[in-house]
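This report concerns only the one structure given below.
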Number of protein chains: 2
Amino acid sequence: MPRIDINSVPERKGSGYPDPFRAAYGNRVKQRLGDAAGLTQFGVNLTRIAPGTGTALRHWHEKEDEFVYVVEGELVLVEDEGETVLRAGDAAGFKAGVANGHCFVNRSDTDAVVLEVGTRAPTERAHYPDVDLAVVKDETGFHWLHKSGEPYA
Amino acid sequence: MPRIDINSVPERKGSGYPDPFRAAYGNRVKQRLGDAAGLTQFGVNLTRIAPGTGTALRHWHEKEDEFVYVVEGELVLVEDEGETVLRAGDAAGFKAGVANGHCFVNRSDTDAVVLEVGTRAPTERAHYPDVDLAVVKDETGFHWLHKSGEPYA
């Protein structure tokens, strides 16, 4: 049925980043609501971010639009133009191809919850301006790369 | 900047349905958050639904995935399998091409607010199983049709 039983959607804790980036995202929990409803054209994650962690490393996508809505708590949006506090009911959008790395960091003392929506392009490349990291998606999956193009071990 | 100033996003009241369907949706107010951030691959509406009205006529899309998250209040999801109450924090998804007409009706005595996400396919057809209506989107815009294919005046 179309209603999504959120309590039954698996919680995916941590991140798929290669070391040494993975450790900082151990307290980030994502539930893939879009997948739970069988959606394929865009993903929708309900993501809980503990104090001291963030949604992601600062990044931008070449092909995929992104949208974030704050459901609960308070987060700091970090991007090229600076830092902006977002609270429950606030939203932000990131057009594909705009080279403005962004992420949300929880500097409060309680959990924050966001809905994250992103297009699912068949192939994609995302850039991480602050660290030696890029990711490529192709028909075989995700590949984490150094900026040189060398794969992470 | 990526943060969306929701207070400055225009409120679009009512619907684009042809008569006689338009009248029932006069108390539905949509803010196009995705457009406000320059997103084009999917739309995101923040939609306020007054008591006695609904998100839409019951419909389904041939090509566009849809996702709805209830931000505030209580709505009844109406679809082929029956009726389901959704409250703040509940969500539903509708895979493109699944011929299960759906809509959300506010039978409570306070406003309800939802986030609606839908892919933007270049061409589309949506079906309204309960009424003599269909809509086609092509490169020239939206066209409301009778089930016979005759356009509405």
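By order in the structure tokens, chains are A, B, ...; within a chain, residues start at 1; ligands start at 1, following the order shown.
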Residues of chain A within 9 Å of chain B, only C-alpha atoms counted, as number ranges by chain = A: 1-6, 33-34, 36-42, 44, 64-67, 71, 77, 79, 81, 84, 86, 89-96, 102, 117-119
Who sits within 10 Å of Ala126 (chain B), only C-alpha atoms, same chain under 4 positions skipped, as a PyMOL selection string = chain B and resi 59-64+96-97+99+101+133-137+144
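Going from CA of His143 (chain A) over to CA of Leu75 (chain A), you cover 28.5 Å.
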Please provide the set of residues having any atom within 10 Å of Ala153 (chain A), restricted to only C-alpha atoms, with same-chain residues fewer than 2 positions apart removed, written as a list in words.
-> Pro18, Asp19, Trp144, Leu145, Glu150 and Pro151 of chain A
As JSON, numbers by chain, please: all residues of region 26-127 of chain A that backbone DSSP puts in strand (DSSP E).
-> {"A": [28, 29, 30, 31, 32, 42, 43, 44, 45, 46, 47, 48, 49, 60, 61, 66, 67, 68, 69, 70, 71, 72, 74, 75, 76, 77, 78, 79, 82, 83, 84, 85, 86, 87, 91, 92, 93, 94, 103, 104, 105, 112, 113, 114, 115, 116, 117, 118, 119, 124, 125, 126, 127]}
Nearby residues (only C-alpha atoms) at most 10 Å from Arg12 (chain B), same-chain spacing under 5 positions excluded, as a PyMOL selection string | chain B and resi 28-32+47
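Here CA of His127 (chain B) is placed at a distance of 8.8 Å from CA of Lys147 (chain B).
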